[in-house]
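Trainee: Input structure: work34.pdb, which contains PDB, C-alpha atoms.
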```pdb
MODEL        1
ATOM      1  CA  MET A   1      57.767 102.684  78.839
ATOM      2  CA  SER A   2      61.018 103.230  80.754
ATOM      3  CA  ARG A   3      64.086 101.134  80.009
ATOM      4  CA  LYS A   4      65.515  99.374  83.044
ATOM      5  CA  ILE A   5      68.993  99.680  84.565
ATOM      6  CA  ILE A   6      70.223  97.681  87.549
ATOM      7  CA  THR A   7      72.865  98.912  89.984
ATOM      8  CA  TYR A   8      74.666  96.293  92.071
ATOM      9  CA  ASN A   9      76.759  97.302  95.101
ATOM     10  CA  PHE A  10      77.011 100.751  93.537
ATOM     11  CA  VAL A  11      77.116 103.029  96.572
ATOM     12  CA  LEU A  12      77.912 106.398  94.950
ATOM     13  CA  THR A  13      74.504 106.847  93.383
ATOM     14  CA  GLU A  14      75.203 110.549  92.786
ATOM     15  CA  ALA A  15      77.163 109.378  89.748
ATOM     16  CA  LEU A  16      73.878 108.316  88.166
ATOM     17  CA  GLU A  17      72.848 111.929  87.522
ATOM     18  CA  LYS A  18      73.958 111.516  83.895
ATOM     19  CA  ILE A  19      71.198 108.941  83.322
ATOM     20  CA  ASP A  20      68.086 110.612  81.920
ATOM     21  CA  ASP A  21      64.443 110.026  82.821
ATOM     22  CA  SER A  22      63.886 107.513  80.032
ATOM     23  CA  PHE A  23      65.614 104.923  82.217
ATOM     24  CA  GLU A  24      64.230 103.321  85.360
ATOM     25  CA  ILE A  25      66.978 102.546  87.880
ATOM     26  CA  GLU A  26      66.611  99.696  90.372
ATOM     27  CA  CYS A  27      69.326  99.469  93.045
ATOM     28  CA  PHE A  28      70.556  96.350  94.851
ATOM     29  CA  GLU A  29      73.160  96.062  97.580
ATOM     30  CA  GLY A  30      74.215  93.188  99.805
ATOM     31  CA  ILE A  31      71.903  90.652  98.171
ATOM     32  CA  ASN A  32      72.534  87.176  96.794
ATOM     33  CA  PRO A  33      72.145  87.662  93.021
ATOM     34  CA  LYS A  34      71.373  83.987  92.506
ATOM     35  CA  THR A  35      68.443  83.814  94.926
ATOM     36  CA  ASP A  36      67.036  87.324  95.461
ATOM     37  CA  LEU A  37      63.659  87.217  93.737
ATOM     38  CA  THR A  38      63.356  90.982  93.228
ATOM     39  CA  PHE A  39      66.767  91.061  91.572
ATOM     40  CA  LEU A  40      65.944  88.064  89.373
ATOM     41  CA  ARG A  41      62.697  89.713  88.237
ATOM     42  CA  ALA A  42      64.543  92.932  87.438
ATOM     43  CA  LEU A  43      67.085  90.980  85.362
ATOM     44  CA  GLN A  44      64.355  89.887  82.962
ATOM     45  CA  GLU A  45      63.861  93.495  81.822
ATOM     46  CA  ALA A  46      67.292  95.004  82.423
ATOM     47  CA  GLU A  47      69.194  96.456  79.468
ATOM     48  CA  GLY A  48      72.166  97.603  81.543
ATOM     49  CA  ILE A  49      73.939  96.731  84.775
ATOM     50  CA  VAL A  50      76.472  98.918  86.578
ATOM     51  CA  GLY A  51      78.238  97.892  89.750
ATOM     52  CA  LEU A  52      80.937  96.002  91.549
ATOM     53  CA  ALA A  53      81.839  92.290  91.612
ATOM     54  CA  LEU A  54      78.587  90.909  90.208
ATOM     55  CA  PRO A  55      79.282  87.403  88.809
ATOM     56  CA  VAL A  56      78.058  87.674  85.218
ATOM     57  CA  ASP A  57      78.030  84.070  84.059
ATOM     58  CA  LYS A  58      75.920  81.895  81.787
ATOM     59  CA  GLU A  59      73.270  81.463  84.482
ATOM     60  CA  LEU A  60      72.821  85.212  84.944
ATOM     61  CA  LEU A  61      72.864  85.875  81.198
ATOM     62  CA  ASP A  62      70.152  83.233  80.690
ATOM     63  CA  ARG A  63      67.949  85.286  83.022
ATOM     64  CA  ALA A  64      68.670  88.601  81.254
ATOM     65  CA  PRO A  65      67.442  88.324  77.652
ATOM     66  CA  ASN A  66      67.415  92.114  77.092
ATOM     67  CA  LEU A  67      70.854  92.850  78.517
ATOM     68  CA  LYS A  68      73.092  95.046  76.337
ATOM     69  CA  ILE A  69      75.932  96.092  78.649
ATOM     70  CA  VAL A  70      77.541  95.357  82.012
ATOM     71  CA  ALA A  71      79.606  98.292  83.275
ATOM     72  CA  ASN A  72      82.053  97.138  85.927
ATOM     73  CA  ASN A  73      82.868  99.792  88.521
ATOM     74  CA  SER A  74      86.440  98.512  88.820
ATOM     75  CA  THR A  75      89.627  98.068  86.845
ATOM     76  CA  GLY A  76      89.476  94.286  87.128
ATOM     77  CA  TYR A  77      86.823  92.227  85.385
ATOM     78  CA  ASN A  78      87.467  88.618  86.330
ATOM     79  CA  ASN A  79      83.825  88.519  87.494
ATOM     80  CA  LEU A  80      82.683  88.801  83.859
ATOM     81  CA  SER A  81      82.401  85.766  81.577
ATOM     82  CA  ILE A  82      83.600  87.779  78.593
ATOM     83  CA  GLU A  83      83.425  84.965  76.041
ATOM     84  CA  GLU A  84      79.841  84.129  76.974
ATOM     85  CA  MET A  85      78.864  87.806  76.993
ATOM     86  CA  THR A  86      80.364  88.332  73.524
ATOM     87  CA  LYS A  87      78.441  85.355  72.131
ATOM     88  CA  ARG A  88      75.217  86.992  73.297
ATOM     89  CA  GLY A  89      76.067  90.495  72.131
ATOM     90  CA  VAL A  90      76.518  91.908  75.637
ATOM     91  CA  MET A  91      79.176  94.586  76.063
ATOM     92  CA  GLY A  92      81.490  94.583  79.072
ATOM     93  CA  THR A  93      83.360  97.656  80.325
ATOM     94  CA  HIS A  94      85.669  98.565  83.197
ATOM     95  CA  THR A  95      87.278 101.695  84.675
ATOM     96  CA  PRO A  96      91.037 101.746  84.058
ATOM     97  CA  GLY A  97      93.341 104.716  84.503
ATOM     98  CA  VAL A  98      91.607 106.121  87.592
ATOM     99  CA  LEU A  99      92.757 104.288  90.699
ATOM    100  CA  GLU A 100      96.461 103.678  90.093
ATOM    101  CA  ASP A 101      97.936 106.414  92.320
ATOM    102  CA  THR A 102      95.387 105.853  95.074
ATOM    103  CA  THR A 103      95.983 102.106  95.133
ATOM    104  CA  ALA A 104      99.757 102.556  95.105
ATOM    105  CA  ASP A 105      99.410 104.873  98.120
ATOM    106  CA  ALA A 106      97.407 102.222  99.986
ATOM    107  CA  ILE A 107      99.740  99.351  99.181
ATOM    108  CA  PHE A 108     102.868 101.294 100.072
ATOM    109  CA  GLY A 109     101.042 102.401 103.199
ATOM    110  CA  ILE A 110     100.426  98.857 104.431
ATOM    111  CA  LEU A 111     104.039  97.979 103.555
ATOM    112  CA  LEU A 112     105.201 100.796 105.849
ATOM    113  CA  ALA A 113     102.671  99.810 108.504
ATOM    114  CA  ALA A 114     103.944  96.232 108.569
ATOM    115  CA  ALA A 115     107.619  97.221 108.585
ATOM    116  CA  ARG A 116     107.226  99.765 111.386
ATOM    117  CA  ARG A 117     104.587  97.693 113.249
ATOM    118  CA  ILE A 118     102.247 100.683 113.284
ATOM    119  CA  PRO A 119      98.889  98.890 113.897
ATOM    120  CA  GLU A 120     100.423  96.675 116.589
ATOM    121  CA  LEU A 121     102.073  99.564 118.440
ATOM    122  CA  ASP A 122      99.010 101.787 118.021
ATOM    123  CA  HIS A 123      97.030  99.126 119.855
ATOM    124  CA  PHE A 124      99.836  98.902 122.437
ATOM    125  CA  VAL A 125      99.478 102.611 123.229
ATOM    126  CA  LYS A 126      95.676 102.656 123.241
ATOM    127  CA  ALA A 127      95.560  99.635 125.533
ATOM    128  CA  GLY A 128      97.516 101.646 128.136
ATOM    129  CA  ASN A 129     100.621  99.487 127.919
ATOM    130  CA  TRP A 130     103.136 102.242 127.077
ATOM    131  CA  LYS A 131     104.685 102.766 130.493
ATOM    132  CA  GLN A 132     108.392 102.770 129.685
ATOM    133  CA  HIS A 133     110.846 102.727 126.800
ATOM    134  CA  LEU A 134     110.236 100.097 124.126
ATOM    135  CA  THR A 135     112.122  96.851 124.463
ATOM    136  CA  THR A 136     114.238  95.486 121.626
ATOM    137  CA  GLU A 137     111.494  92.898 121.005
ATOM    138  CA  GLN A 138     109.207  95.768 119.994
ATOM    139  CA  TYR A 139     111.613  97.324 117.509
ATOM    140  CA  ALA A 140     110.580  97.485 113.864
ATOM    141  CA  VAL A 141     112.601  97.294 110.636
ATOM    142  CA  ASP A 142     113.738  99.987 108.222
ATOM    143  CA  VAL A 143     112.231 100.490 104.786
ATOM    144  CA  HIS A 144     114.721 102.951 103.290
ATOM    145  CA  HIS A 145     117.668 101.510 101.339
ATOM    146  CA  LYS A 146     116.067  98.042 101.328
ATOM    147  CA  THR A 147     115.218  95.911  98.289
ATOM    148  CA  LEU A 148     111.638  96.034  97.030
ATOM    149  CA  GLY A 149     110.620  93.177  94.741
ATOM    150  CA  ILE A 150     107.489  93.810  92.673
ATOM    151  CA  ILE A 151     105.731  90.918  90.969
ATOM    152  CA  GLY A 152     103.605  92.499  88.253
ATOM    153  CA  MET A 153     105.094  95.740  86.958
ATOM    154  CA  GLY A 154     101.945  97.175  85.409
ATOM    155  CA  LYS A 155     100.649 100.683  86.046
ATOM    156  CA  ILE A 156     100.159 100.270  89.792
ATOM    157  CA  GLY A 157     103.366  98.289  90.214
ATOM    158  CA  SER A 158     105.267 101.042  88.424
ATOM    159  CA  ILE A 159     103.850 103.717  90.715
ATOM    160  CA  ILE A 160     104.796 101.639  93.765
ATOM    161  CA  ALA A 161     108.315 101.381  92.311
ATOM    162  CA  LYS A 162     108.343 105.170  91.890
ATOM    163  CA  ARG A 163     107.480 105.677  95.552
ATOM    164  CA  GLY A 164     110.078 103.170  96.671
ATOM    165  CA  HIS A 165     112.845 104.565  94.445
ATOM    166  CA  PHE A 166     112.347 108.296  94.973
ATOM    167  CA  GLY A 167     110.837 108.274  98.454
ATOM    168  CA  PHE A 168     112.897 105.615 100.211
ATOM    169  CA  ASP A 169     116.003 105.080  98.086
ATOM    170  CA  MET A 170     115.046 101.448  97.622
ATOM    171  CA  LYS A 171     116.600  99.031  95.163
ATOM    172  CA  ILE A 172     113.814  97.843  92.842
ATOM    173  CA  LEU A 173     113.602  94.322  91.450
ATOM    174  CA  TYR A 174     110.673  93.244  89.325
ATOM    175  CA  HIS A 175     109.226  90.214  87.594
ATOM    176  CA  ASN A 176     106.686  90.603  84.813
ATOM    177  CA  ARG A 177     105.457  88.822  81.681
ATOM    178  CA  THR A 178     107.279  91.447  79.620
ATOM    179  CA  ARG A 179     110.069  93.912  80.316
ATOM    180  CA  ASN A 180     108.993  97.351  81.522
ATOM    181  CA  ILE A 181     111.669  99.536  79.970
ATOM    182  CA  ASP A 182     110.061 102.720  81.276
ATOM    183  CA  ALA A 183     110.342 101.515  84.893
ATOM    184  CA  GLU A 184     113.916 100.386  84.276
ATOM    185  CA  GLU A 185     114.917 103.808  82.988
ATOM    186  CA  LYS A 186     112.979 105.952  85.473
ATOM    187  CA  TYR A 187     113.306 103.931  88.686
ATOM    188  CA  HIS A 188     116.407 101.827  87.974
ATOM    189  CA  ALA A 189     114.206  98.734  88.280
ATOM    190  CA  ALA A 190     116.043  95.496  87.515
ATOM    191  CA  TYR A 191     114.198  92.741  85.669
ATOM    192  CA  CYS A 192     114.753  89.237  87.062
ATOM    193  CA  ASP A 193     113.163  85.802  87.267
ATOM    194  CA  LEU A 194     110.692  85.106  90.048
ATOM    195  CA  ASP A 195     113.001  82.949  92.146
ATOM    196  CA  THR A 196     115.748  85.580  92.171
ATOM    197  CA  LEU A 197     113.266  88.241  93.214
ATOM    198  CA  LEU A 198     111.967  86.090  96.071
ATOM    199  CA  LYS A 199     115.466  85.288  97.335
ATOM    200  CA  GLU A 200     116.852  88.829  97.228
ATOM    201  CA  SER A 201     113.921  91.080  98.218
ATOM    202  CA  ASP A 202     113.310  92.486 101.683
ATOM    203  CA  PHE A 203     109.732  93.316 100.664
ATOM    204  CA  VAL A 204     107.903  91.105  98.164
ATOM    205  CA  CYS A 205     104.952  93.001  96.688
ATOM    206  CA  LEU A 206     102.470  91.007  94.604
ATOM    207  CA  MET A 207     100.568  93.151  92.079
ATOM    208  CA  THR A 208      99.570  90.744  89.292
ATOM    209  CA  PRO A 209      96.053  90.466  87.877
ATOM    210  CA  LEU A 210      94.189  87.246  88.657
ATOM    211  CA  THR A 211      94.421  84.868  85.690
ATOM    212  CA  PRO A 212      94.608  81.065  85.418
ATOM    213  CA  GLU A 213      98.390  81.472  85.281
ATOM    214  CA  THR A 214      98.628  83.605  88.437
ATOM    215  CA  GLU A 215      96.153  81.723  90.640
ATOM    216  CA  ASN A 216      98.107  80.443  93.672
ATOM    217  CA  LEU A 217     101.253  81.943  92.150
ATOM    218  CA  ILE A 218     102.756  82.323  95.620
ATOM    219  CA  GLY A 219     102.683  79.136  97.670
ATOM    220  CA  GLU A 220     104.796  76.968  99.937
ATOM    221  CA  ARG A 221     107.786  76.793  97.581
ATOM    222  CA  GLU A 222     107.821  80.557  97.051
ATOM    223  CA  PHE A 223     107.576  81.389 100.762
ATOM    224  CA  LYS A 224     110.499  79.062 101.491
ATOM    225  CA  LEU A 225     112.590  80.964  98.942
ATOM    226  CA  MET A 226     112.018  84.306 100.667
ATOM    227  CA  LYS A 227     114.331  85.717 103.314
ATOM    228  CA  LYS A 228     113.262  84.970 106.866
ATOM    229  CA  SER A 229     113.456  88.739 107.389
ATOM    230  CA  SER A 230     111.163  89.513 104.432
ATOM    231  CA  ILE A 231     107.696  91.023 104.521
ATOM    232  CA  PHE A 232     105.123  89.813 101.999
ATOM    233  CA  VAL A 233     102.650  92.366 100.604
ATOM    234  CA  ASN A 234      99.575  91.421  98.573
ATOM    235  CA  GLY A 235      97.708  94.153  96.706
ATOM    236  CA  SER A 236      96.594  92.022  93.754
ATOM    237  CA  ARG A 237      93.815  89.480  94.341
ATOM    238  CA  GLY A 238      93.410  87.004  97.178
ATOM    239  CA  LYS A 239      93.456  83.957  94.945
ATOM    240  CA  THR A 240      96.947  84.745  93.659
ATOM    241  CA  VAL A 241      98.213  83.408  97.007
ATOM    242  CA  ASP A 242      97.865  80.004  98.640
ATOM    243  CA  GLU A 243      96.553  81.262 101.988
ATOM    244  CA  LYS A 244      97.227  77.995 103.801
ATOM    245  CA  ALA A 245     100.865  78.212 102.733
ATOM    246  CA  LEU A 246     101.011  81.861 103.858
ATOM    247  CA  ILE A 247      99.581  80.996 107.261
ATOM    248  CA  GLU A 248     102.109  78.180 107.652
ATOM    249  CA  ALA A 249     104.987  80.468 106.590
ATOM    250  CA  LEU A 250     103.920  82.951 109.273
ATOM    251  CA  ARG A 251     103.404  80.251 111.895
ATOM    252  CA  THR A 252     106.863  78.762 111.348
ATOM    253  CA  ASN A 253     108.579  82.175 110.988
ATOM    254  CA  GLU A 254     109.514  81.375 107.408
ATOM    255  CA  ILE A 255     108.908  85.089 106.731
ATOM    256  CA  HIS A 256     108.986  88.089 109.056
ATOM    257  CA  GLY A 257     105.463  89.354 108.413
ATOM    258  CA  ALA A 258     102.813  90.278 105.884
ATOM    259  CA  ALA A 259     100.667  93.190 104.750
ATOM    260  CA  LEU A 260      97.423  92.165 103.065
ATOM    261  CA  ASP A 261      94.626  94.104 101.394
ATOM    262  CA  VAL A 262      93.027  91.157  99.565
ATOM    263  CA  TYR A 263      91.970  87.642 100.561
ATOM    264  CA  GLN A 264      90.682  84.452  98.990
ATOM    265  CA  THR A 265      87.271  85.000 100.591
ATOM    266  CA  GLU A 266      86.053  88.500 101.374
ATOM    267  CA  PRO A 267      85.024  89.758 103.880
ATOM    268  CA  LEU A 268      87.257  87.809 106.274
ATOM    269  CA  LYS A 269      85.456  85.917 109.020
ATOM    270  CA  PRO A 270      86.349  87.040 112.563
ATOM    271  CA  ASP A 271      87.966  83.678 113.334
ATOM    272  CA  HIS A 272      90.190  83.664 110.225
ATOM    273  CA  PRO A 273      93.724  82.453 111.138
ATOM    274  CA  LEU A 274      95.374  85.474 109.507
ATOM    275  CA  LEU A 275      93.765  87.713 112.120
ATOM    276  CA  GLN A 276      95.622  85.923 114.902
ATOM    277  CA  PHE A 277      99.071  87.203 113.859
ATOM    278  CA  ALA A 278     100.282  90.494 115.350
ATOM    279  CA  ASN A 279     102.857  90.744 112.541
ATOM    280  CA  VAL A 280     100.221  90.781 109.801
ATOM    281  CA  VAL A 281      98.585  94.042 108.713
ATOM    282  CA  THR A 282      95.073  93.407 107.389
ATOM    283  CA  THR A 283      93.039  96.053 105.568
ATOM    284  CA  PRO A 284      89.582  95.471 104.035
ATOM    285  CA  HIS A 285      90.395  95.749 100.308
ATOM    286  CA  ILE A 286      90.897  99.509 100.547
ATOM    287  CA  GLY A 287      93.076  99.923  97.424
ATOM    288  CA  SER A 288      90.953 102.526  95.657
ATOM    289  CA  SER A 289      88.748 103.460  98.594
ATOM    290  CA  THR A 290      88.972 107.207  98.775
ATOM    291  CA  TYR A 291      85.919 109.299  98.031
ATOM    292  CA  GLU A 292      87.654 111.218  95.239
ATOM    293  CA  THR A 293      88.824 108.116  93.393
ATOM    294  CA  GLU A 294      85.674 106.067  93.912
ATOM    295  CA  LEU A 295      83.553 108.916  92.542
ATOM    296  CA  LYS A 296      85.769 109.196  89.446
ATOM    297  CA  MET A 297      85.431 105.456  88.895
ATOM    298  CA  ALA A 298      81.667 105.535  89.396
ATOM    299  CA  LYS A 299      81.252 108.395  86.936
ATOM    300  CA  LEU A 300      83.371 106.576  84.350
ATOM    301  CA  ALA A 301      81.350 103.380  84.846
ATOM    302  CA  VAL A 302      78.117 105.324  84.284
ATOM    303  CA  GLU A 303      79.631 107.047  81.239
ATOM    304  CA  ASN A 304      80.434 103.613  79.780
ATOM    305  CA  LEU A 305      76.940 102.365  80.619
ATOM    306  CA  HIS A 306      75.205 105.354  79.067
ATOM    307  CA  ALA A 307      77.248 105.097  75.879
ATOM    308  CA  GLY A 308      76.397 101.430  75.456
ATOM    309  CA  LEU A 309      72.694 102.047  75.993
ATOM    310  CA  THR A 310      72.526 104.951  73.550
ATOM    311  CA  GLY A 311      74.185 103.286  70.568
ATOM    312  CA  LYS A 312      77.714 104.604  71.110
ATOM    313  CA  ARG A 313      80.945 102.685  71.623
ATOM    314  CA  PRO A 314      81.852 102.784  75.340
ATOM    315  CA  LYS A 315      85.224 104.328  76.087
ATOM    316  CA  ASN A 316      86.454 101.301  78.033
ATOM    317  CA  LEU A 317      84.979  98.391  76.096
ATOM    318  CA  ILE A 318      86.576  95.079  77.065
ATOM    319  CA  ASN A 319      85.143  92.929  74.250
ATOM    320  CA  PRO A 320      85.187  94.963  70.998
ATOM    321  CA  ASP A 321      84.314  91.806  69.024
ATOM    322  CA  VAL A 322      80.784  92.250  70.343
ATOM    323  CA  LEU A 323      80.337  95.136  67.883
ATOM    324  CA  ASN A 324      80.966  92.942  64.831
TER
ENDMDL
END
```
Using structure tokens, write down the structure from this file.
Mentor:
Amino acid sequence: MSRKIITYNFVLTEALEKIDDSFEIECFEGINPKTDLTFLRALQEAEGIVGLALPVDKELLDRAPNLKIVANNSTGYNNLSIEEMTKRGVMGTHTPGVLEDTTADAIFGILLAAARRIPELDHFVKAGNWKQHLTTEQYAVDVHHKTLGIIGMGKIGSIIAKRGHFGFDMKILYHNRTRNIDAEEKYHAAYCDLDTLLKESDFVCLMTPLTPETENLIGEREFKLMKKSSIFVNGSRGKTVDEKALIEALRTNEIHGAALDVYQTEPLKPDHPLLQFANVVTTPHIGSSTYETELKMAKLAVENLHAGLTGKRPKNLINPDVLN
């Protein structure tokens, strides 16, 4: 009898070639995992799950008595109830070390797009409105030689700092739980408290993971501390920002603009207030979304899954206590 694997929002199925014929693979995409009856039936037999953003909580685990491993196809794993999984002997894995350069490219890209008003002026041209020289009201702002403040100087934050320092001669400020000596030495990044960073930065780039401590980290108080000429960039998670406070800061011109790749609720609804601002660049969570990087991540997720199902320690095990 075949052993069952579930894929959830796992679009690059070519990465599953490593899985041998002793496993039956059942694929699900765009379903509600709490109500889809076919998915719930599959859970009863599933030994492994691989995919993206599946909420693995007590309710799901209660329905999956044979589950051995959940292989997240992402670096983050805030969708996994790790403590509950460990209690039940279920391994959790993720895919670090793959998407850092690609995500840094995307986040620096939306920073540039917001500063130079690229989406807005692209629409201006395509709408047939470019009939004379630009007015001063349509001018953008420079990026080079400005101050880039990075909140969360982890791997991706460090690569963003690298691009800012070497590519645009930017002054780098950063705030982090711990000092990043490597970034200080290589990119002349200056460690400072959060308030100083907010007050002095021309671009405030939020790159923290989502934790109880970072939820709504940036809110009304923080936006009021920023320069009125500053551009806010969020490449972390939507819930690290109080969106109502961001909308109000934009409405009252408390900040100059924003560049966003993540949101509190995804996908955004067409009537979302953030979509009404011409000075806000909005991308659909594209951080790692290149074919090359997504395939590397998918293959690593499957490698982790296969190891866990064949009695080996997965390379990227989140909860090693599960092996005790």
Trainee: If the PyMOL selection byres ((chain A and resi 269-274) around 12) is run on the structure shown, which residues does it catch, given as a CSV table (one decimal) with C-alpha atoms, in the coordinates of the input?
Mentor:
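And here's part_6.csv as it stands now:
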```csv
chain,number,residue,atom,x,y,z
A,243,GLU,CA,96.6,81.3,102.0
A,244,LYS,CA,97.2,78.0,103.8
A,245,ALA,CA,100.9,78.2,102.7
A,246,LEU,CA,101.0,81.9,103.9
A,247,ILE,CA,99.6,81.0,107.3
A,248,GLU,CA,102.1,78.2,107.7
A,249,ALA,CA,105.0,80.5,106.6
A,250,LEU,CA,103.9,83.0,109.3
A,251,ARG,CA,103.4,80.3,111.9
A,257,GLY,CA,105.5,89.4,108.4
A,258,ALA,CA,102.8,90.3,105.9
A,259,ALA,CA,100.7,93.2,104.8
A,260,LEU,CA,97.4,92.2,103.1
A,261,ASP,CA,94.6,94.1,101.4
A,262,VAL,CA,93.0,91.2,99.6
A,263,TYR,CA,92.0,87.6,100.6
A,264,GLN,CA,90.7,84.5,99.0
A,265,THR,CA,87.3,85.0,100.6
A,266,GLU,CA,86.1,88.5,101.4
A,267,PRO,CA,85.0,89.8,103.9
A,268,LEU,CA,87.3,87.8,106.3
A,275,LEU,CA,93.8,87.7,112.1
A,276,GLN,CA,95.6,85.9,114.9
A,277,PHE,CA,99.1,87.2,113.9
A,278,ALA,CA,100.3,90.5,115.4
A,279,ASN,CA,102.9,90.7,112.5
A,280,VAL,CA,100.2,90.8,109.8
A,281,VAL,CA,98.6,94.0,108.7
A,282,THR,CA,95.1,93.4,107.4
A,283,THR,CA,93.0,96.1,105.6
A,284,PRO,CA,89.6,95.5,104.0
```
Trainee: So which residues touch segment 293-300 of chain A within 10 Å, counting only C-alpha atoms, skipping near sequence neighbours fewer than 2 positions away, as a ChimeraX atom specification?
Mentor: /A:10-18,50-52,71-75,93-103,288-291,302-306,314-316
Trainee: Given the selection you just returned, output its residues as a file containing C-alpha atoms, formatted as an mmCIF file, keeping the file's coordinate frame.
Mentor:
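again_37.cif written:
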```
data_model
loop_
_atom_site.group_PDB
_atom_site.id
_atom_site.type_symbol
_atom_site.label_atom_id
_atom_site.label_comp_id
_atom_site.auth_asym_id
_atom_site.auth_seq_id
_atom_site.Cartn_x
_atom_site.Cartn_y
_atom_site.Cartn_z
ATOM 1 C CA PHE A 10 77.011 100.751 93.537
ATOM 2 C CA VAL A 11 77.116 103.029 96.572
ATOM 3 C CA LEU A 12 77.912 106.398 94.950
ATOM 4 C CA THR A 13 74.504 106.847 93.383
ATOM 5 C CA GLU A 14 75.203 110.549 92.786
ATOM 6 C CA ALA A 15 77.163 109.378 89.748
ATOM 7 C CA LEU A 16 73.878 108.316 88.166
ATOM 8 C CA GLU A 17 72.848 111.929 87.522
ATOM 9 C CA LYS A 18 73.958 111.516 83.895
ATOM 10 C CA VAL A 50 76.472 98.918 86.578
ATOM 11 C CA GLY A 51 78.238 97.892 89.750
ATOM 12 C CA LEU A 52 80.937 96.002 91.549
ATOM 13 C CA ALA A 71 79.606 98.292 83.275
ATOM 14 C CA ASN A 72 82.053 97.138 85.927
ATOM 15 C CA ASN A 73 82.868 99.792 88.521
ATOM 16 C CA SER A 74 86.440 98.512 88.820
ATOM 17 C CA THR A 75 89.627 98.068 86.845
ATOM 18 C CA THR A 93 83.360 97.656 80.325
ATOM 19 C CA HIS A 94 85.669 98.565 83.197
ATOM 20 C CA THR A 95 87.278 101.695 84.675
ATOM 21 C CA PRO A 96 91.037 101.746 84.058
ATOM 22 C CA GLY A 97 93.341 104.716 84.503
ATOM 23 C CA VAL A 98 91.607 106.121 87.592
ATOM 24 C CA LEU A 99 92.757 104.288 90.699
ATOM 25 C CA GLU A 100 96.461 103.678 90.093
ATOM 26 C CA ASP A 101 97.936 106.414 92.320
ATOM 27 C CA THR A 102 95.387 105.853 95.074
ATOM 28 C CA THR A 103 95.983 102.106 95.133
ATOM 29 C CA SER A 288 90.953 102.526 95.657
ATOM 30 C CA SER A 289 88.748 103.460 98.594
ATOM 31 C CA THR A 290 88.972 107.207 98.775
ATOM 32 C CA TYR A 291 85.919 109.299 98.031
ATOM 33 C CA VAL A 302 78.117 105.324 84.284
ATOM 34 C CA GLU A 303 79.631 107.047 81.239
ATOM 35 C CA ASN A 304 80.434 103.613 79.780
ATOM 36 C CA LEU A 305 76.940 102.365 80.619
ATOM 37 C CA HIS A 306 75.205 105.354 79.067
ATOM 38 C CA PRO A 314 81.852 102.784 75.340
ATOM 39 C CA LYS A 315 85.224 104.328 76.087
ATOM 40 C CA ASN A 316 86.454 101.301 78.033
#
```
Trainee: Pull out every residue that the PyMOL selection byres ((chain A and resi 139-156) around 9) matches in the shown coordinates and put them as a ChimeraX atom specification.
Mentor: /A:97,99-101,103-104,111-112,114-118,134-138,157-161,164-165,167-180,183,194,197-198,200-209,236
Trainee: What is the distance between atom CA of Ile69 of chain A and atom CA of His285 of chain A, in Å to one decimal?
Mentor: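 Between these atoms lies a distance of 26.0 Å.
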Trainee: Determine the residue set returned by the PyMOL selection byres ((chain A and resi 324) around 12) for the present structure, and present it as number ranges by chain.
Mentor: A: 86-91, 313, 319-323
Trainee: What does the structure give for the distance between atom CA of Gly311 of chain A and atom CA of Glu26 of chain A, in Å to one decimal?
Mentor: 21.5 Å
Trainee: Take every atom of segment 185-203 of chain A listed in the file, pad by 6 Å on each side, and give me the axis-aligned box centre and edge lengths in Å, one decimal, as JSON.
Mentor:
```
{"center_x": 113.3, "center_y": 94.5, "center_z": 92.3, "size_x": 19.1, "size_y": 35.0, "size_z": 30.7}
```
Trainee: Please determine, counting only C-alpha atoms, which residue among A:Pro65, A:Pro55, A:Gly308, A:Pro33 has the shortest atom-to-atom distance to Ile82 of chain A.
Mentor: A:Pro55
Trainee: Do you have the atom CA of His123 of chain A-atom CA of Thr252 of chain A distance handy?
Mentor: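 A separation of 24.2 Å between them.
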Trainee: Given all atoms listed in the file as the basis, pick out the residue of A:Cys27, A:Thr35, A:Ile318, A:Glu185 nearest to Tyr77 of chain A.
Mentor: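 Smallest distance to Tyr77 of chain A is found for A:Ile318.
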Trainee: Nearest residue to Asp21 of chain A out of A:Met85, A:Ile5, A:Val241, A:Ala301, using all atoms listed in the file?
Mentor: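 Checking each candidate against Asp21 of chain A, we get A:Ile5 as the closest.
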Trainee: Go through A:Lys239, A:Lys126, A:Arg41, A:His256 and flag the residue nearest Thr214 of chain A, using all atoms listed in the file for the distances.
Mentor: A:Lys239
